[in-house]
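Colleague: Please see the structure below; I have some questions.
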Amino acid sequence: MYHVEDLSFSQELRQAWIDWLSQFGFQAFYTQTFAEPIKHPRLAMYRSWRVLRTLAPRYGVGVKAFIVAEEHALGTYHAHALVSTFPTHVLKLRDSLKWVWLVGSEYGLCRFESIRAIGGVSGYVSKYLTKRVCDYDIFSIDPP
């Protein structure tokens, strides 16, 4: 059972994640589920980054992503990410959603959409970062 102090700490931690991630201006949400079971969180994150970074050479933009590896009940991993491109917004890049979906589908099931669809950074934090311990990292590539 939670104590009042534990709940307060959890709320403070959630708010700290929201505040920190909100400053980066993420524009899209990405999920990658792998057809081949991935047993290491970093591998799930690196393969997801491999998909997202293809936006850079295709569109001539920089790409930033905050990627979280989440463990399935069976011990394999999938990834969720917050993504932005610069200087052009990812949703203004012609067919960018389709492009990431096509590249990601080579690994398995892929979802790429406006961050608003999941409730913004707040929705991301409450759904993925605060569920349980997970591995995460920030990835970035400058425009070519």
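Each chain in the structure tokens gets a letter, A, B, ..., in the order shown, and its residues are numbered from 1; ligands are numbered from 1 in order too.
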DSSP says helix (DSSP H, G or I) for which residues of region 20-138 of chain A? Put them as a ChimeraX atom specification?
Modeller: /A:20-22,41-52,55-59,90-92,96-104,115-118,120-129
Colleague: With only C-alpha atoms counted and 12 Å as the cut-off, give the residues of region 10-55 of chain A in contact with region 102-120 of chain A, each with its shortest interatomic distance in Å and the pair that gives it, as a Markdown table.
Modeller:
```
| residue | atom | partner | partner_atom | distance |
| --- | --- | --- | --- | --- |
| A:Ile18 | CA | A:Gly120 | CA | 9.4 |
| A:Asp19 | CA | A:Gly120 | CA | 11.8 |
| A:Leu21 | CA | A:Gly120 | CA | 10.2 |
| A:Ser22 | CA | A:Gly120 | CA | 8.7 |
| A:Gly25 | CA | A:Gly120 | CA | 10.1 |
| A:Phe26 | CA | A:Ile115 | CA | 7.3 |
| A:Gln27 | CA | A:Ile115 | CA | 5.5 |
| A:Ala28 | CA | A:Ile115 | CA | 4.3 |
| A:Phe29 | CA | A:Ile115 | CA | 4.9 |
| A:Tyr30 | CA | A:Phe112 | CA | 4.4 |
| A:Thr31 | CA | A:Arg111 | CA | 5.1 |
| A:Gln32 | CA | A:Cys110 | CA | 4.7 |
| A:Thr33 | CA | A:Leu109 | CA | 5.0 |
| A:Phe34 | CA | A:Gly108 | CA | 4.5 |
| A:Ala35 | CA | A:Gly108 | CA | 4.5 |
| A:Glu36 | CA | A:Tyr107 | CA | 7.5 |
| A:Pro37 | CA | A:Gly108 | CA | 10.0 |
| A:Ile38 | CA | A:Tyr107 | CA | 10.6 |
| A:Ala44 | CA | A:Tyr107 | CA | 10.4 |
| A:Arg47 | CA | A:Tyr107 | CA | 8.4 |
| A:Ser48 | CA | A:Gly104 | CA | 7.7 |
| A:Trp49 | CA | A:Gly104 | CA | 10.1 |
| A:Arg50 | CA | A:Gly104 | CA | 9.0 |
| A:Val51 | CA | A:Gly104 | CA | 5.8 |
| A:Leu52 | CA | A:Gly104 | CA | 8.3 |
| A:Arg53 | CA | A:Val103 | CA | 10.4 |
| A:Thr54 | CA | A:Val103 | CA | 8.2 |
| A:Leu55 | CA | A:Val103 | CA | 10.0 |
```
Colleague: Closest to Leu93 (chain A) among A:Val61, A:Val121, A:Leu74, A:Leu13, using only C-alpha atoms?
Modeller: A:Val61
Colleague: Nearest residue to Tyr136 (chain A) out of A:Phe24, A:Tyr59, A:Tyr46, A:Trp99, using only C-alpha atoms?
Modeller: A:Tyr46
Colleague: Would you mind telling me which residue in A:Lys64, A:Ser10, A:His40, A:Gln15 lies nearest to Val83 (chain A) when using only C-alpha atoms?
Modeller: A:Lys64
Colleague: Would you please give, as a list of chain:residue names, all residues of region 35-103 of chain A that DSSP assigns to strand (DSSP E) based on the backbone?
Modeller: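 These are the residues in question: A:Gly62, A:Val63, A:Lys64, A:Ala65, A:Phe66, A:Ile67, A:Val68, A:Ala69, A:Glu70, A:Glu71, A:Tyr77, A:His78, A:Ala79, A:His80, A:Ala81, A:Leu82, A:Val83, A:Ser84, A:Thr85, A:Phe86.
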Colleague: Considering only C-alpha atoms, state which residue in the set A:Ala56, A:Cys134, A:Ala65, A:Leu43 is at the smallest distance from Pro87 (chain A).
Modeller: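 The answer is A:Ala56, which sits nearest to Pro87 (chain A).
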Colleague: As an exercise, work out the distance from CA of Leu97 (chain A) to CA of Glu70 (chain A) in Å and give it to one decimal place.
Modeller: 22.3 Å
Colleague: Report, in Å to a single decimal, how far apart CA of Lys92 (chain A) and CA of Gly60 (chain A) are.
Modeller: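 Spanning CA of Gly60 (chain A) to CA of Lys92 (chain A) is a straight-line distance of 12.8 Å.
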Colleague: Mind giving me the straight-line distance from CA of Trp101 (chain A) to CA of Ser84 (chain A) in Å, one decimal?
Modeller: 15.5 Å
Colleague: Excluding Glu71 (chain A) and any residue of its chain fewer than 4 positions from it, enumerate the residues within 9 Å of it, using only C-alpha atoms, and give them as an MDAnalysis selection string.
Modeller: chainID A and resid 39 41 75:79 134
Colleague: Considering only C-alpha atoms, state which residue in the set A:Thr85, A:Ala69, A:Phe139, A:Ala16 is at the smallest distance from Pro57 (chain A).
Modeller: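 When distances to Pro57 (chain A) are compared using only C-alpha atoms, the smallest one comes from A:Thr85.
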